[in-house]
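Okay, so here's the structure we're looking at.
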Amino acid sequence: MAQAGNKVRVKLRRTIDDSYDLHIGSDLMGKMAEDLCRNPLANRYVVISDSTVMKLYGNDLTEALRQAGLKVDRIAFPEGEASKSRKMKQYLEEHMLGMGLGRDSCVIACGGGVTGDLAGFTASTYMRGVPVVMYPTTLLAMVDSSIGGKTAIDVPEGKNMIGTFHQPRAVYIDISALDTLPRRHLLSGVAEVVKHGIIMDREFVKVLEDRGERLLEGDPDVQKELIEESCRIKAEVVAADEKESDYRRILNYGHTLGHAFEAASGYALYHGEAVSLGMSMEAALAESLEILPAKERERQDDLLKKLGLPVKAKVVLKALLGRAARPQEILDYVRTDKKTRQGITEYVLPVRLGQMKKYKKKVGVPVEDKTTLKILKKFLS
C-alpha cells in the first residue's frame with residue numbers, strides 16, 4: 001500500500017495594486033521625462049518604435065529623456081503587422097541583451113498597436129519581466145491597445161494567439177501625435193471609439209453622432225473629449241475584469257468576425273476597418289437571433305458610415321482579394337480564434353446600443369456555425 005509523503009506548502013497569497021494613470025494631453029514628452037525623474041522605474045530605459053515612428057517621435061522622445069538625465073537606448077524595427085512575430089520578438093530581445101540591459105531596465109513602447117503589443121510582450125518576458133510605459137501615437141493605440149495590459153504576437157494559426165497580460169506602469173496619450181496620423185489610420189481608431197459607445201454607453205453614441213466628425217477634422221478640444229471618454233470606458237471594463245474571465249469580453253464586440261476578415265485579407269485591412277465590418281456583421285447576426293432590433297442595427301451602421309468606416313464586407317473584401325470572400329473561409333478563420341469554447345464560438349452581441357446581451361449570466365453568446373455561416377452567405381455571396 002502506497003505511503004502518503006510529507007508536504008511543504010508554498011504560500012503565495014498576496015495583494016497587488018497594478019493601477020496606473022492615463023495622462024491625456026498635448027506635448028507630453030517633457031511630462032514623461034519629469035515623471036520618470038521624480039519616480040524612476042529603472043536604471044536604464046529603451047525606446048522601442050517601428051522605423052517610421054522612430055523618425056517622427058522616437059528620436060525626439062529619446063532626446064527628451066536624455067536631456068532630463070536618464071540613460072536611454074533605442075531600437076527600431078520594420079513597421080507593419082508582419083513584425084508582430086516570434087522572429088521580431090527575438091530580434092528585440094537580442095538587441096536588449098547586446099545593450100547589456102538587465103532587470104533594472106524599462107521598455108518604452110512608442111508607436112501604434114503593433115509596437116505596444118510587440119514591445120509589451122517583450123517586456124513581459126525579458127529577464128522574467130521588466131516595466132513597460134506606453135506612448136501611443138495612433139488613435140487606435142490611444143483608446144484601445146495601450147490600455148489593459150494585453151500583449152501578443154501573431155502566428156500562422158491566428159492573430160494575437162501568443163501573449164501575456166502585462167500592465168503598463170503609465171500611459172502617455174499625446175493627442176498632438178494625431179497631427180501626423182494619416183486619415184486611414186485615424187479612421188481605424190475611430191472604429192474602436194464607436195465600439196466603446198455601443199458596448200456600454202448609449203449617451204456616448206449620441207455624442208459621436210453629433211460630434212464624431214469633428215474628431216476627424218482635427219478639432220483638438222473634441223479629440224481630447226472623445227478620447228478621454230473612450231479611455232474611461234475601456235479603463236472601467238479592464239478594472240472590473242483584468243484577465244478577461246468574462247465581463248472584459250464585451251471589448252471583443254466586432255472582433256470575432258473582424259479578426260477573421262483581417263486575416264482573410266492578408267492584413268491588407270487595417271484593424272479598425274476589420275472591426276467596423278465585424279460590428280456590422282455581428283449586429284446582423286444579433287438581429288437574426290432576435291437579440292437586436294433592426295432599428296438599432298441600422299443606427300449603428302449609419303454611425304459607422306457617417307464617420308467614413310466600411311460596413312459592406314462583400315465589397316471591401318472583394319476589392320482587396322480580387323474575388324468574393326468565401327463564407328466557409330471566413331468561418332474557418334473564426335474557428336481558430338480564442339473565443340471558441342467547447343467547440344462552439346461565442347460572440348458578444350448587443351441588445352441595444354449601449355448594452356450587451358447576457359447568456360446564463362455571462363456575456364458570451366454561443367452561436368452554432370450553421371447560423372453564422374447563413375449570415376456570412378447572405379452578406380458575402
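Letters A, B, ... mark the chains of the C-alpha cells in the order given; residue numbers begin at 1 per chain; ligand numbers begin at 1, in order shown.
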
For segment 347-361 of chain A, find every residue with an atom within 8 Å (counting only C-alpha atoms), except residues of its own chain fewer than 6 positions away, and show them as a PyMOL selection string. chain A and resi 197-203+205+249-250+252-253+256+282-283+286+291-293+296+300+339+367

Output N, CA and C atoms for every residue in the selection just made, as a short mmCIF file (atom, residue, chain, number, x, y, z; two decimals), in the first residue's frame.
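Written output follows (selection.cif):
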```
data_model
loop_
_atom_site.label_atom_id
_atom_site.label_comp_id
_atom_site.auth_asym_id
_atom_site.auth_seq_id
_atom_site.Cartn_x
_atom_site.Cartn_y
_atom_site.Cartn_z
N GLY A 197 -18.74 53.02 -27.27
CA GLY A 197 -20.09 53.53 -27.04
C GLY A 197 -21.13 52.44 -27.16
N ILE A 198 -21.00 51.60 -28.16
CA ILE A 198 -22.02 50.58 -28.42
C ILE A 198 -22.07 49.54 -27.30
N ILE A 199 -20.93 49.19 -26.74
CA ILE A 199 -20.93 48.14 -25.73
C ILE A 199 -21.38 48.62 -24.36
N MET A 200 -21.36 49.95 -24.12
CA MET A 200 -21.52 50.36 -22.73
C MET A 200 -22.20 51.71 -22.49
N ASP A 201 -22.23 52.61 -23.46
CA ASP A 201 -22.64 53.98 -23.15
C ASP A 201 -23.48 54.57 -24.29
N ARG A 202 -24.79 54.47 -24.15
CA ARG A 202 -25.69 54.95 -25.20
C ARG A 202 -25.56 56.46 -25.40
N GLU A 203 -25.32 57.19 -24.31
CA GLU A 203 -25.16 58.64 -24.43
C GLU A 203 -23.92 58.98 -25.23
N VAL A 205 -22.76 57.22 -27.65
CA VAL A 205 -23.14 57.01 -29.06
C VAL A 205 -23.76 58.28 -29.63
N ARG A 249 -14.80 40.58 -21.91
CA ARG A 249 -15.02 40.09 -23.26
C ARG A 249 -15.96 40.99 -24.06
N ILE A 250 -16.68 41.90 -23.40
CA ILE A 250 -17.53 42.81 -24.18
C ILE A 250 -16.68 43.68 -25.11
N ASN A 252 -14.61 42.62 -27.04
CA ASN A 252 -14.39 41.84 -28.26
C ASN A 252 -15.50 42.03 -29.28
N TYR A 253 -16.46 42.90 -28.99
CA TYR A 253 -17.53 43.11 -29.96
C TYR A 253 -16.93 43.54 -31.31
N THR A 256 -14.60 39.13 -33.33
CA THR A 256 -14.61 37.72 -33.71
C THR A 256 -14.62 37.59 -35.23
N GLU A 282 -21.74 41.31 -37.06
CA GLU A 282 -22.18 40.72 -35.79
C GLU A 282 -23.50 41.32 -35.33
N ALA A 283 -23.75 42.59 -35.66
CA ALA A 283 -25.06 43.18 -35.39
C ALA A 283 -26.13 42.49 -36.22
N ALA A 286 -26.83 39.30 -34.56
CA ALA A 286 -27.69 39.52 -33.39
C ALA A 286 -29.14 39.76 -33.81
N ILE A 291 -32.02 39.17 -31.07
CA ILE A 291 -31.41 39.79 -29.89
C ILE A 291 -31.41 41.31 -30.05
N LEU A 292 -31.16 41.78 -31.26
CA LEU A 292 -31.02 43.21 -31.53
C LEU A 292 -32.09 43.67 -32.52
N PRO A 293 -32.86 44.69 -32.18
CA PRO A 293 -33.86 45.21 -33.13
C PRO A 293 -33.20 45.78 -34.39
N GLU A 296 -31.92 49.37 -34.28
CA GLU A 296 -30.66 49.57 -33.57
C GLU A 296 -29.47 49.21 -34.46
N GLN A 300 -26.52 51.83 -35.75
CA GLN A 300 -25.08 51.57 -35.64
C GLN A 300 -24.39 51.73 -36.99
N LYS A 339 -11.97 32.72 -29.09
CA LYS A 339 -13.30 32.90 -28.50
C LYS A 339 -14.16 31.64 -28.61
N VAL A 367 -23.00 30.55 -30.51
CA VAL A 367 -23.71 30.56 -31.79
C VAL A 367 -23.21 29.40 -32.63
#
```

Considering only C-alpha atoms, give me a table of residues in segment 253-273 of chain A that are at most 8 Å from segment 318-331 of chain A, with the closest atom pair and distance in Å for each, as a Markdown table.
```
| residue | atom | partner | partner_atom | distance |
| --- | --- | --- | --- | --- |
| A:Leu257 | CA | A:Ile330 | CA | 7.7 |
| A:Ala260 | CA | A:Ile330 | CA | 5.7 |
| A:Phe261 | CA | A:Ile330 | CA | 6.7 |
| A:Ala264 | CA | A:Ile330 | CA | 6.8 |
| A:Ser265 | CA | A:Leu321 | CA | 6.4 |
| A:Ala268 | CA | A:Leu320 | CA | 7.1 |
| A:Leu269 | CA | A:Leu320 | CA | 8.0 |
```

Surrounding residues of Val194 of chain A excluding itself and chain neighbours under 6 positions, 9 Å, only C-alpha atoms, as an MDAnalysis selection string: chainID A and resid 204:205 208 230 276 300 303:304

Calculate how many Å separate atom CA of Leu181 of chain A from atom CA of His23 of chain A, rounding to one decimal. 19.5 Å

Between atom CA of Asp154 of chain A and atom CA of Ile108 of chain A - distance in Å to one decimal: 20.9 Å

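Interatomic distance, atom CA of Pro78 of chain A to atom CA of Ala119 of chain A: 12.9 Å.
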
DSSP on the backbone, then: every residue of segment 8-209 of chain A marked strand (DSSP E), written as a ChimeraX atom specification. /A:21-25,44-50,71-77,105-111,132-136,150-155,158-165,170-174

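Between Ser19 of chain A and the candidates A:Ile233, A:Val238, A:Ala274, A:Leu56, the tightest atom-to-atom separation, counting only C-alpha atoms, involves A:Val238.
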
From a DSSP calculation on the backbone, collect every residue of segment 49-139 of chain A in helix (DSSP H, G or I) and output the set as an MDAnalysis selection string. chainID A and resid 51:67 81:83 86:98 113:128 139

Written file, previous selection with C-alpha atoms, as a PDB file, in the first residue's frame:
```pdb
ATOM      1  CA  SER A  51      11.185  52.644 -38.240  1.00  0.00           C
ATOM      2  CA  THR A  52       8.642  55.295 -39.284  1.00  0.00           C
ATOM      3  CA  VAL A  53       7.554  56.304 -35.783  1.00  0.00           C
ATOM      4  CA  MET A  54      11.163  56.342 -34.583  1.00  0.00           C
ATOM      5  CA  LYS A  55      11.854  59.169 -37.044  1.00  0.00           C
ATOM      6  CA  LEU A  56       8.617  61.001 -36.221  1.00  0.00           C
ATOM      7  CA  TYR A  57       8.610  60.663 -32.430  1.00  0.00           C
ATOM      8  CA  GLY A  58      11.002  58.040 -31.082  1.00  0.00           C
ATOM      9  CA  ASN A  59      14.171  60.035 -31.605  1.00  0.00           C
ATOM     10  CA  ASP A  60      12.659  63.170 -30.024  1.00  0.00           C
ATOM     11  CA  LEU A  61      11.332  61.160 -27.093  1.00  0.00           C
ATOM     12  CA  THR A  62      14.768  59.599 -26.575  1.00  0.00           C
ATOM     13  CA  GLU A  63      16.395  63.030 -26.571  1.00  0.00           C
ATOM     14  CA  ALA A  64      13.800  64.477 -24.180  1.00  0.00           C
ATOM     15  CA  LEU A  65      14.513  61.681 -21.718  1.00  0.00           C
ATOM     16  CA  ARG A  66      18.269  62.023 -22.124  1.00  0.00           C
ATOM     17  CA  GLN A  67      18.080  65.784 -21.612  1.00  0.00           C
ATOM     18  CA  GLU A  81       1.600  43.806 -38.719  1.00  0.00           C
ATOM     19  CA  ALA A  82       4.173  41.303 -40.001  1.00  0.00           C
ATOM     20  CA  SER A  83       6.532  42.461 -37.240  1.00  0.00           C
ATOM     21  CA  ARG A  86       8.366  35.398 -32.848  1.00  0.00           C
ATOM     22  CA  LYS A  87      11.253  36.418 -35.088  1.00  0.00           C
ATOM     23  CA  MET A  88      10.856  40.126 -34.309  1.00  0.00           C
ATOM     24  CA  LYS A  89      10.446  39.491 -30.590  1.00  0.00           C
ATOM     25  CA  GLN A  90      13.712  37.565 -30.674  1.00  0.00           C
ATOM     26  CA  TYR A  91      15.285  40.470 -32.595  1.00  0.00           C
ATOM     27  CA  LEU A  92      14.324  42.903 -29.821  1.00  0.00           C
ATOM     28  CA  GLU A  93      15.487  40.552 -27.087  1.00  0.00           C
ATOM     29  CA  GLU A  94      18.875  40.030 -28.726  1.00  0.00           C
ATOM     30  CA  HIS A  95      19.381  43.779 -29.103  1.00  0.00           C
ATOM     31  CA  MET A  96      18.408  44.399 -25.480  1.00  0.00           C
ATOM     32  CA  LEU A  97      20.823  41.711 -24.321  1.00  0.00           C
ATOM     33  CA  GLY A  98      23.519  43.168 -26.553  1.00  0.00           C
ATOM     34  CA  GLY A 113      -0.840  48.887 -31.655  1.00  0.00           C
ATOM     35  CA  VAL A 114       1.816  46.686 -33.255  1.00  0.00           C
ATOM     36  CA  THR A 115       4.536  48.393 -31.226  1.00  0.00           C
ATOM     37  CA  GLY A 116       2.552  48.223 -27.997  1.00  0.00           C
ATOM     38  CA  ASP A 117       1.763  44.528 -28.446  1.00  0.00           C
ATOM     39  CA  LEU A 118       5.277  43.540 -29.506  1.00  0.00           C
ATOM     40  CA  ALA A 119       7.255  45.724 -27.086  1.00  0.00           C
ATOM     41  CA  GLY A 120       4.840  44.939 -24.258  1.00  0.00           C
ATOM     42  CA  PHE A 121       5.164  41.198 -24.819  1.00  0.00           C
ATOM     43  CA  THR A 122       8.954  41.524 -24.965  1.00  0.00           C
ATOM     44  CA  ALA A 123       8.943  43.474 -21.695  1.00  0.00           C
ATOM     45  CA  SER A 124       6.735  40.867 -20.028  1.00  0.00           C
ATOM     46  CA  THR A 125       9.232  38.046 -20.621  1.00  0.00           C
ATOM     47  CA  TYR A 126      12.612  39.832 -20.738  1.00  0.00           C
ATOM     48  CA  MET A 127      14.542  38.923 -17.583  1.00  0.00           C
ATOM     49  CA  ARG A 128      11.216  37.386 -16.404  1.00  0.00           C
ATOM     50  CA  LEU A 139      -5.786  56.841 -32.177  1.00  0.00           C
TER      51      LEU A 139
END
```

Nearest to Glu236 of chain A, chosen from A:Gly148, A:Gly69, A:Pro168, A:Gly212, with only C-alpha atoms counted in the distances: A:Gly148

Tell me which protein, DNA and RNA residues are within 10 Å of Leu309 of chain A, counting only C-alpha atoms, leaving out same-chain ones fewer than 5 positions away, and put them as a short mmCIF file (atom, residue, chain, number, x, y, z; two decimals) with N, CA and C atoms, in the first residue's frame.
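The new file part-v7.cif reads:
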```cif
data_model
loop_
_atom_site.label_atom_id
_atom_site.label_comp_id
_atom_site.auth_asym_id
_atom_site.auth_seq_id
_atom_site.Cartn_x
_atom_site.Cartn_y
_atom_site.Cartn_z
N ARG A 184 -6.48 57.32 -42.91
CA ARG A 184 -6.92 55.93 -42.82
C ARG A 184 -6.60 55.34 -41.44
N LEU A 187 -9.14 56.81 -38.98
CA LEU A 187 -10.42 56.11 -39.10
C LEU A 187 -10.37 54.76 -38.39
N SER A 188 -9.24 54.10 -38.50
CA SER A 188 -9.10 52.79 -37.85
C SER A 188 -9.32 52.91 -36.35
N VAL A 190 -11.09 55.32 -34.89
CA VAL A 190 -12.48 55.73 -34.66
C VAL A 190 -13.39 54.52 -34.47
N ALA A 191 -13.09 53.43 -35.17
CA ALA A 191 -13.91 52.21 -35.03
C ALA A 191 -13.95 51.73 -33.58
N GLY A 272 -9.01 48.56 -37.43
CA GLY A 272 -10.28 49.25 -37.21
C GLY A 272 -11.26 49.04 -38.34
N GLU A 273 -10.76 48.96 -39.56
CA GLU A 273 -11.64 48.68 -40.71
C GLU A 273 -12.27 47.30 -40.56
N ALA A 274 -11.45 46.33 -40.14
CA ALA A 274 -11.96 44.97 -39.95
C ALA A 274 -12.96 44.93 -38.80
N VAL A 275 -12.70 45.68 -37.74
CA VAL A 275 -13.63 45.72 -36.60
C VAL A 275 -14.95 46.36 -37.02
N SER A 276 -14.89 47.39 -37.85
CA SER A 276 -16.11 48.03 -38.35
C SER A 276 -16.95 47.03 -39.13
N LEU A 277 -16.31 46.29 -40.03
CA LEU A 277 -17.03 45.24 -40.77
C LEU A 277 -17.55 44.18 -39.80
N ASP A 301 -24.94 51.08 -38.02
CA ASP A 301 -24.31 51.13 -39.34
C ASP A 301 -24.32 52.55 -39.91
N ASP A 302 -25.37 53.30 -39.63
CA ASP A 302 -25.43 54.69 -40.10
C ASP A 302 -24.31 55.51 -39.46
N LEU A 303 -24.04 55.27 -38.18
CA LEU A 303 -22.96 55.99 -37.50
C LEU A 303 -21.61 55.61 -38.09
N LEU A 304 -21.39 54.33 -38.31
CA LEU A 304 -20.13 53.89 -38.90
C LEU A 304 -19.92 54.53 -40.28
#
```

Show me, as an MDAnalysis selection string, the residues that have an atom within 6 Å of Ser26 of chain A when counting only C-alpha atoms, minus same-chain residues fewer than 5 positions from it. chainID A and resid 174:176

Could you save those same residues with C-alpha atoms as a tab-separated table (two decimals), in the first residue's frame?
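Saved the output as selection.tsv:
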```
chain	number	residue	atom	x	y	z
A	174	ASP	CA	-0.23	62.68	-26.56
A	175	ILE	CA	-3.03	63.99	-28.75
A	176	SER	CA	-0.57	66.14	-30.73
```

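Closest approach to Gly364 of chain A among A:Lys312, A:Arg248, A:Arg183, A:Lys377 is made by A:Arg248 (distances from only C-alpha atoms).
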
Between A:Leu317, A:Val132, A:Leu307, A:Ala68, which residue has the minimum interatomic distance to Leu41 of chain A, considering only C-alpha atoms? A:Val132

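The residue that comes closest to Lys362 of chain A, out of A:Tyr45, A:Tyr267, A:Tyr333, A:Tyr247 and on the basis of only C-alpha atoms, is A:Tyr247.
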
For Met161 of chain A, please output as a list in words all residues within 12 Å (counting only C-alpha atoms; exclusion window: fewer than 2 positions along the same chain). Lys84, Ser85, Arg86, Asp117, Phe121, Lys150, Thr151, Ala152, Ile153, Asp154, Val155, Pro156, Glu157, Gly158, Lys159, Gly163, Thr164, His259, Thr336, Asp337, Lys338 and Lys339 of chain A

With N, CA and C atoms retained, write the just-selected residues as an mmCIF file, in the first residue's frame.
```cif
data_model
loop_
_atom_site.group_PDB
_atom_site.id
_atom_site.type_symbol
_atom_site.label_atom_id
_atom_site.label_comp_id
_atom_site.auth_asym_id
_atom_site.auth_seq_id
_atom_site.Cartn_x
_atom_site.Cartn_y
_atom_site.Cartn_z
ATOM 1 N N LYS A 84 4.737 41.654 -35.788
ATOM 2 C CA LYS A 84 4.235 41.012 -34.563
ATOM 3 C C LYS A 84 4.483 39.508 -34.673
ATOM 4 N N SER A 85 5.747 39.123 -34.538
ATOM 5 C CA SER A 85 6.135 37.738 -34.798
ATOM 6 C C SER A 85 7.167 37.268 -33.784
ATOM 7 N N ARG A 86 7.332 35.963 -33.709
ATOM 8 C CA ARG A 86 8.366 35.398 -32.848
ATOM 9 C C ARG A 86 9.744 35.905 -33.266
ATOM 10 N N ASP A 117 1.890 45.977 -28.640
ATOM 11 C CA ASP A 117 1.763 44.528 -28.446
ATOM 12 C C ASP A 117 3.124 43.847 -28.413
ATOM 13 N N PHE A 121 4.918 42.631 -24.990
ATOM 14 C CA PHE A 121 5.164 41.198 -24.819
ATOM 15 C C PHE A 121 6.639 40.958 -24.510
ATOM 16 N N LYS A 150 -2.918 43.836 -22.382
ATOM 17 C CA LYS A 150 -2.834 42.719 -23.320
ATOM 18 C C LYS A 150 -1.622 42.905 -24.236
ATOM 19 N N THR A 151 -0.784 41.889 -24.307
ATOM 20 C CA THR A 151 0.353 41.907 -25.226
ATOM 21 C C THR A 151 0.335 40.610 -26.019
ATOM 22 N N ALA A 152 0.839 40.653 -27.248
ATOM 23 C CA ALA A 152 0.756 39.422 -28.049
ATOM 24 C C ALA A 152 1.527 39.555 -29.345
ATOM 25 N N ILE A 153 1.776 38.407 -29.943
ATOM 26 C CA ILE A 153 2.272 38.336 -31.314
ATOM 27 C C ILE A 153 1.324 37.445 -32.117
ATOM 28 N N ASP A 154 1.444 37.539 -33.432
ATOM 29 C CA ASP A 154 0.648 36.705 -34.330
ATOM 30 C C ASP A 154 1.438 35.465 -34.719
ATOM 31 N N VAL A 155 0.725 34.409 -35.044
ATOM 32 C CA VAL A 155 1.320 33.183 -35.580
ATOM 33 C C VAL A 155 0.491 32.773 -36.791
ATOM 34 N N PRO A 156 1.000 31.861 -37.624
ATOM 35 C CA PRO A 156 0.232 31.460 -38.817
ATOM 36 C C PRO A 156 -1.183 30.994 -38.497
ATOM 37 N N GLU A 157 -1.381 30.457 -37.295
ATOM 38 C CA GLU A 157 -2.703 29.941 -36.920
ATOM 39 C C GLU A 157 -3.689 31.040 -36.550
ATOM 40 N N GLY A 158 -3.207 32.257 -36.281
ATOM 41 C CA GLY A 158 -4.145 33.314 -35.928
ATOM 42 C C GLY A 158 -3.475 34.531 -35.325
ATOM 43 N N LYS A 159 -4.273 35.570 -35.159
ATOM 44 C CA LYS A 159 -3.819 36.850 -34.640
ATOM 45 C C LYS A 159 -3.846 36.852 -33.113
ATOM 46 N N GLY A 163 0.726 35.377 -26.131
ATOM 47 C CA GLY A 163 0.939 36.637 -25.439
ATOM 48 C C GLY A 163 0.744 36.525 -23.939
ATOM 49 N N THR A 164 0.736 37.669 -23.290
ATOM 50 C CA THR A 164 0.605 37.738 -21.836
ATOM 51 C C THR A 164 -0.258 38.936 -21.454
ATOM 52 N N HIS A 259 -11.489 39.890 -36.793
ATOM 53 C CA HIS A 259 -10.186 39.244 -36.911
ATOM 54 C C HIS A 259 -10.157 38.287 -38.103
ATOM 55 N N THR A 336 -10.458 29.341 -35.486
ATOM 56 C CA THR A 336 -9.115 29.330 -34.907
ATOM 57 C C THR A 336 -8.950 30.429 -33.864
ATOM 58 N N ASP A 337 -9.978 31.259 -33.690
ATOM 59 C CA ASP A 337 -9.878 32.381 -32.769
ATOM 60 C C ASP A 337 -9.977 31.896 -31.324
ATOM 61 N N LYS A 338 -9.569 32.776 -30.390
ATOM 62 C CA LYS A 338 -9.543 32.418 -28.972
ATOM 63 C C LYS A 338 -10.931 32.399 -28.336
ATOM 64 N N LYS A 339 -11.971 32.723 -29.095
ATOM 65 C CA LYS A 339 -13.297 32.899 -28.498
ATOM 66 C C LYS A 339 -14.164 31.642 -28.605
#
```
